[in-house]
Structure formats: C-alpha cells, structure tokens
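Report on one structure; see the data block that follows.
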Amino acid sequence: MSDIQRIVENLDRILPQFLLDEPLPGLAIGVVYNHRMIYAKGFGVTDAENGEAVTERTLFHMASVSKTFVATGIMQLAEEGIIKLDGLVSDYLPYFQMADDRYRQLTIRQLLSHTSGLPDEDDFAWDCPEYDEGSLERYVRGLKDYKLQREPGQAFDYSNIGYEILGDVIAKVTGLSFEQYMREKVIAPASMQSSTFLKEEAAIDTLATPHVLGLQEGYGAQVSRIFPYHRAHAPSSTLYSNALDMCNYALTHLSGSSMRREANAILEANSYSEMWQKEASTEYGDGLDKMGLGWYMGQYRGRRVMSHMGRDTGFRSNLMLLPDEGMGVLFMMNADHVGGKILSSAILDVLLGDDVPYVRRSLAHHLSQLTILSGVDAAVREYNEIQQSCPERFLVLEGEFNAGAYTLMRGGWLQEGIRLLELSVQIFPVSSNIHDSLGEMYLLAGQHELALKHYQKSVELDPEHGEGIRMVNELLQSK
C-alpha cells in the first residue's frame, strides 16, 4: 500500500466518526502531502435545518486565517518597495490617529506581529453589518478615541484592530479596495477559483451556515441568528474559501518557500525568511509559541510548523504548514463550539506515518450533553466509568469544561453548570480559573459562602488574580 493510499484510508475511517462524536453539523478537510493535494473532502451538512451535504467546494467563513492573506499582501508590497516593514503607519494613513501620542511610533511590522500595544476588538458588530467600500476607512478613522495598552514593540498582544489598519494601508497605497487587491494579487495567483473576501461574491448555494451550541432541543448545534460579516473587518476575518482553494493556497506557500519555487509564486524566497522569523513569544505553547509576521510558528513532533487558526460566531478554521516536509493540513467547521486542536494533531499524526484509530472525543462536550439529557449524577457516574475503562479515548481540556459550564448557565441550567464546574475542580484541582468561575456561579445562585470559598481558592492559586481579589474583598465586606 502506498503512503497516500494509507493516509486516505486512515482519514476516511476517523473523520466520519469524529463528526458523529461531536456536536458538529459540518466539516471540510484539506491535506497536502509531498507538495501534492491528496485529500479534499466534506462531511456532514451545511445547515442543520436543511441537511445539504458539505463538499470540498463548500465555502466557509475562515475567520482569522484571513490574516495570513493580509501578511502575504504586505510582503508583496514590501518586495516592490511600496511599503517598508519598519515604516510608520501614520506615514501611509495620515488620517490615522489615537488618543495616545504613542500611536505615532506604530510600525507595519508591529501590527503584523501583534506587538503594537493596540487593544483587541471587543465588538465586531456582526449584528449590524456594513457592506460599502468606505467601511474600512471609517473604522480606522473611528480609532481616534482608543489608547494603547502598552509601549509599541514591548510584547505580544493579539489585536484584530491592527489587521484592519493593515488592510486600509493596502487599500490606500495601491488605490484598490482591500478586497480587490486580495483578489488580484493573492487569491487569483494562488488558483483559488471560488474564494473571496466579499460576502456578496460568495456563491450562496455553496456557503455554509454558521452554528452555535444550543440547548433548546437537547444539546447540539443550532443555526446562528447572526452571520459573521462586516466589511470593516474583512482584513482580520472575512475570507470565504473551501477545501480545494485552501489546498492551492497551502501549495502556493509551500512551493514559494522551498526549492520547488514555481513561476507563479506570490512571494520571493527571502520574504518567507522574513515572514517566518520570530518577532515575539506568545506564551500559547502547543506549536503556537512564537509569532512571525502574520503567522504563528512552532514545532510538531520536531518539525517546523507555520499556522493560523480562526474562530468567529458559528465558524472555526485552521491552517498548518510543515514547509520542510511539503505538508499542509487545513480544516473548516460551520460551528464555533468544537475545538480543532486534537483534530489537526490527529491528521498530522496520520501524515507522519502513524495508524490513528480515532480522533479523541471532547470529554467536556460528552459530559455536558449527558448532564442535559440525563442529569448531573449520570454525568459524574460516566466520568468515573471512563476513568476506569477508556481514559485515552477522550480529550480533557480545562477551557472546554469552563466554556461548557457557561453554556449551561446561559441556557438557564445554572445548577447543572455549577455541578459541571464542581466536577471540573476534581479534574483540575490547581486551576485558579475554574475556581473563579465556580465562585461566579455560586454568587449568581445566591450562595455567598461557597462563592467566597472558591474566589479565595482562585486567589490562593494565583495571587495576582486581580478580579478574584476584588471579589473576595467585596464578599468579605458584605458579610
């Protein structure tokens, strides 16, 4: 059996089961191996209400994977001498101002590497989208009342705002709209025939529907009433693409950064050396510990990995390149509540020669679903049985337990959320965050003594936990 046949058969076995195991309506996967596209398939449905099948041509909102396109565009313009990576942002956008004189120091490189000190966006206004070309400039002009969080260049702080500014820089120095530049200089040269940054250009019959976690009819994906689109956030978020196109995008970067460079490469080889060079430490770990120019960098099983993930209302995505191996893995989901880290890892393991029997299930989702359907006591019994029989079958992530508890709480299941966090405390006894969340939920339930107990524990575990300290003081004063 050839390597490619082995890979395809292994993926065909584990991916349908992954979709059955998780509360996920649809999924598309693309795989590049030895500089060839060998796998592009869809699973599940585009919309939980109509049952239309996901295919390799189904378009998904790619969220922050969009930022790698912005970085590519900026590097192209740097090659042409139109933009200097260490040039000042205000030189390219004279109307860009902030309520903080330090904005004058901001450089293109700092925006690309999230070292600008800019805050992150906390409201993308997906519920009141704008579609006109002036939206991006209006957004940048609207930053005049913002302040920096720290000195430019001091440290890594993820900022979507920085990428909207970069998108406006691209538009102003080229005289094209941001979307037109992307279409002409990145999307078309990368042979991405169906992709676009403009929602109105995305073929409606191939566009996946966003889903969020719902509790109205048990536990599972429900169609989101909000579609994540707003033209001001095109640079950070609004690429629409499919598995075929994203494989071509991966191939374009893999060939351009290697000795296999082709005539239609969209970047020069030295641009990859610059773009994929460490600018900052992220402290994220797990192959995301360094930030380059628009790309996370790290290692997986000793191999270099360049990547970016994405998550917006109703969608998740991830793109991982192993340039030294000529490999690429990408996925896109039409739901925002199912984590993708373990999925990407399983696919990479298959590419690297392992026989992978399954993608591990999310224990948090499994127990949360059981809590809704059969009660907390049944979930606790299930957890104990899993620990005895098959702990290796499940992925145990603190963040997923915390998120699951808040989903239960927001769905009107406060006591169930509390019980899930009580179980979480047993699993993660030294987590300040879990104790803090349990303190918050006990407070909402009117159980002040238990709230105080867990807030105090959160501060004991993390003495610099400011919110926990504040809540402890407030609860002690109210006694």
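Ligands are numbered from 1 in the order shown, residues from 1 within each chain, and chains are lettered A, B, ... in the order they appear in the structure tokens.
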Find the residues near segment 371-380 of chain A: any atom within 12 Å, counting only C-alpha atoms, skip ones fewer than 6 places away on the same chain, and give them as JSON, numbers by chain.
{"A": [214, 215, 216, 217, 218, 219, 220, 363, 364, 365, 386, 387, 404, 405, 407, 408, 409, 411, 412, 413, 414, 415, 416, 417, 418, 419, 420, 421, 422, 423, 424, 426, 427]}
Test item: residues at most 7 Å from Val329 of chain A, only C-alpha atoms, excluding those fewer than 3 positions along its chain, as a list in words
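Surrounding residues, per the criterion: Gly30, Val31, Val32, Leu319, Met320 and Leu321 of chain A.
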Could you please take those selected residues and save N, CA and C atoms as a tab-separated table (two decimals), in the first residue's frame?
chain	number	residue	atom	x	y	z
A	30	GLY	N	-8.72	19.52	4.14
A	30	GLY	CA	-7.80	19.51	3.01
A	30	GLY	C	-6.43	19.06	3.48
A	31	VAL	N	-5.75	18.27	2.66
A	31	VAL	CA	-4.42	17.75	3.02
A	31	VAL	C	-3.49	17.86	1.81
A	32	VAL	N	-2.31	18.41	2.07
A	32	VAL	CA	-1.23	18.46	1.08
A	32	VAL	C	-0.11	17.57	1.59
A	319	LEU	N	-5.21	26.40	9.60
A	319	LEU	CA	-4.29	26.12	8.51
A	319	LEU	C	-2.92	25.88	9.11
A	320	MET	N	-2.32	24.73	8.80
A	320	MET	CA	-0.99	24.37	9.31
A	320	MET	C	-0.11	23.96	8.15
A	321	LEU	N	1.07	24.56	8.06
A	321	LEU	CA	2.04	24.22	7.03
A	321	LEU	C	3.30	23.66	7.68
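Around segment 446-448 of chain A, within 8 Å and counting only C-alpha atoms, the residues found are Tyr442, Leu452 and Leu475 of chain A, once anything fewer than 4 positions away on its own chain is removed.
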Which polymer residues have any atom within 6 Å of an atom of segment 65-75 of chain A, counting only C-alpha atoms, with same-chain residues fewer than 2 positions away left out, as an MDAnalysis selection string?
chainID A and resid 62:63 77:78 236:237 239 294 308:310
Compile the contact shell of Leu330 of chain A as a count of residues only: residues with an atom at most 12 Å away, counting only C-alpha atoms, same-chain residues fewer than 2 positions apart removed.
50
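In this model, the gap between atom CA of Ser281 of chain A and atom CA of Val305 of chain A comes to 15.0 Å.
Nearest residue to Ser271 of chain A, choosing from A:Ala202, A:Arg311, A:Glu79, A:Pro357 and counting only C-alpha atoms: A:Glu79.
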At a cut-off of 9 Å, using only C-alpha atoms, what residues contact Gln222 of chain A? Leave out same-chain residues fewer than 6 positions from it and give the result as a list in words.
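So, after excluding close chain neighbours, the residues are Pro25, Asp47, Ala48, Glu49, Pro210, His211, Val212, Leu213, Gly214, Leu215, Gln216 and Ala335 of chain A.
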Could you save the residues just selected, with C-alpha atoms, as a PDB file, in the first residue's frame?
ATOM      1  CA  PRO A  25     -23.017  19.832  11.758  1.00  0.00           C
ATOM      2  CA  ASP A  47     -27.138  23.664   7.571  1.00  0.00           C
ATOM      3  CA  ALA A  48     -28.575  21.599  10.412  1.00  0.00           C
ATOM      4  CA  GLU A  49     -32.073  22.568   9.275  1.00  0.00           C
ATOM      5  CA  PRO A 210     -22.946  29.239  10.967  1.00  0.00           C
ATOM      6  CA  HIS A 211     -23.985  27.238  14.034  1.00  0.00           C
ATOM      7  CA  VAL A 212     -23.692  27.803  17.769  1.00  0.00           C
ATOM      8  CA  LEU A 213     -24.254  25.434  20.655  1.00  0.00           C
ATOM      9  CA  GLY A 214     -27.921  25.197  21.560  1.00  0.00           C
ATOM     10  CA  LEU A 215     -29.812  23.653  24.447  1.00  0.00           C
ATOM     11  CA  GLN A 216     -33.382  24.123  23.266  1.00  0.00           C
ATOM     12  CA  ALA A 335     -19.749  25.641  14.280  1.00  0.00           C
TER      13      ALA A 335
END
All strand (DSSP E or B) residues (DSSP, backbone) inside segment 135-243 of chain A, as an mmCIF file with C-alpha atoms, in the first residue's frame:
data_model
loop_
_atom_site.group_PDB
_atom_site.id
_atom_site.type_symbol
_atom_site.label_atom_id
_atom_site.label_comp_id
_atom_site.auth_asym_id
_atom_site.auth_seq_id
_atom_site.Cartn_x
_atom_site.Cartn_y
_atom_site.Cartn_z
ATOM 1 C CA THR A 196 -13.453 35.947 -1.852
ATOM 2 C CA LEU A 207 -21.946 28.915 1.512
ATOM 3 C CA HIS A 211 -23.985 27.238 14.034
ATOM 4 C CA VAL A 212 -23.692 27.803 17.769
ATOM 5 C CA LEU A 213 -24.254 25.434 20.655
ATOM 6 C CA GLY A 214 -27.921 25.197 21.560
ATOM 7 C CA GLY A 220 -26.231 20.249 19.876
ATOM 8 C CA ALA A 221 -25.614 22.676 17.053
ATOM 9 C CA GLN A 222 -28.287 25.188 16.141
ATOM 10 C CA VAL A 223 -28.283 27.743 13.339
ATOM 11 C CA TYR A 240 -14.640 32.766 2.322
ATOM 12 C CA SER A 241 -12.942 29.669 0.987
#
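Closest approach to Gly142 of chain A from the set A:Phe124, A:Phe96, A:Leu166, A:Pro463 is made by A:Phe96, with distances taken over only C-alpha atoms.
The environment of Met471 of chain A within 12 Å, counting only C-alpha atoms and disregarding residues fewer than 4 places along the same chain, consists of Asp436, Ser437, Gly439, Glu440, Leu443, His448, Ala451, Leu452, Lys453, His454, Tyr455, Gln456, Lys457, Ser458, Val459, His465, Gly466, Glu467, Leu475, Leu476, Gln477 and Ser478 of chain A.
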Writer output for current selection, N, CA and C atoms, as a compact mmCIF listing (two decimals), in the first residue's frame:
# COMPACT_ATOMS: atom_id res chain seq x y z
N ASP A 436 -12.47 30.37 40.09
CA ASP A 436 -13.07 31.70 39.87
C ASP A 436 -14.44 31.57 39.22
N SER A 437 -14.55 30.71 38.19
CA SER A 437 -15.84 30.52 37.52
C SER A 437 -16.87 29.93 38.47
N GLY A 439 -16.89 30.31 41.70
CA GLY A 439 -17.27 31.39 42.59
C GLY A 439 -18.33 32.29 41.96
N GLU A 440 -18.15 32.60 40.69
CA GLU A 440 -19.13 33.46 39.99
C GLU A 440 -20.50 32.80 39.93
N LEU A 443 -22.24 32.69 43.26
CA LEU A 443 -22.75 34.03 43.57
C LEU A 443 -24.07 34.28 42.85
N HIS A 448 -23.47 32.77 48.84
CA HIS A 448 -22.33 33.67 49.02
C HIS A 448 -21.16 33.00 49.71
N ALA A 451 -19.40 30.92 47.23
CA ALA A 451 -18.76 31.82 46.27
C ALA A 451 -17.45 32.35 46.86
N LEU A 452 -17.49 32.81 48.11
CA LEU A 452 -16.29 33.33 48.76
C LEU A 452 -15.20 32.26 48.85
N LYS A 453 -15.61 31.04 49.20
CA LYS A 453 -14.65 29.95 49.33
C LYS A 453 -13.87 29.73 48.03
N HIS A 454 -14.57 29.75 46.91
CA HIS A 454 -13.90 29.45 45.64
C HIS A 454 -13.15 30.67 45.09
N TYR A 455 -13.65 31.87 45.35
CA TYR A 455 -12.86 33.04 44.98
C TYR A 455 -11.56 33.08 45.77
N GLN A 456 -11.62 32.75 47.04
CA GLN A 456 -10.41 32.72 47.87
C GLN A 456 -9.43 31.67 47.35
N LYS A 457 -9.95 30.53 46.93
CA LYS A 457 -9.08 29.48 46.40
C LYS A 457 -8.45 29.94 45.09
N SER A 458 -9.20 30.67 44.26
CA SER A 458 -8.64 31.15 42.99
C SER A 458 -7.48 32.10 43.22
N VAL A 459 -7.60 32.93 44.28
CA VAL A 459 -6.52 33.87 44.60
C VAL A 459 -5.34 33.14 45.24
N HIS A 465 -4.30 37.37 40.67
CA HIS A 465 -5.63 37.34 40.04
C HIS A 465 -6.45 38.52 40.57
N GLY A 466 -6.39 39.64 39.85
CA GLY A 466 -6.99 40.89 40.30
C GLY A 466 -8.49 40.81 40.51
N GLU A 467 -9.21 40.19 39.57
CA GLU A 467 -10.66 40.10 39.69
C GLU A 467 -11.04 39.25 40.90
N LEU A 475 -17.02 40.42 48.93
CA LEU A 475 -17.81 39.45 49.69
C LEU A 475 -17.52 39.53 51.18
N LEU A 476 -16.27 39.78 51.53
CA LEU A 476 -15.94 39.91 52.96
C LEU A 476 -16.58 41.17 53.55
N GLN A 477 -16.60 42.24 52.79
CA GLN A 477 -17.21 43.47 53.29
C GLN A 477 -18.72 43.37 53.43
N SER A 478 -19.35 42.49 52.62
CA SER A 478 -20.81 42.38 52.66
C SER A 478 -21.29 41.44 53.77
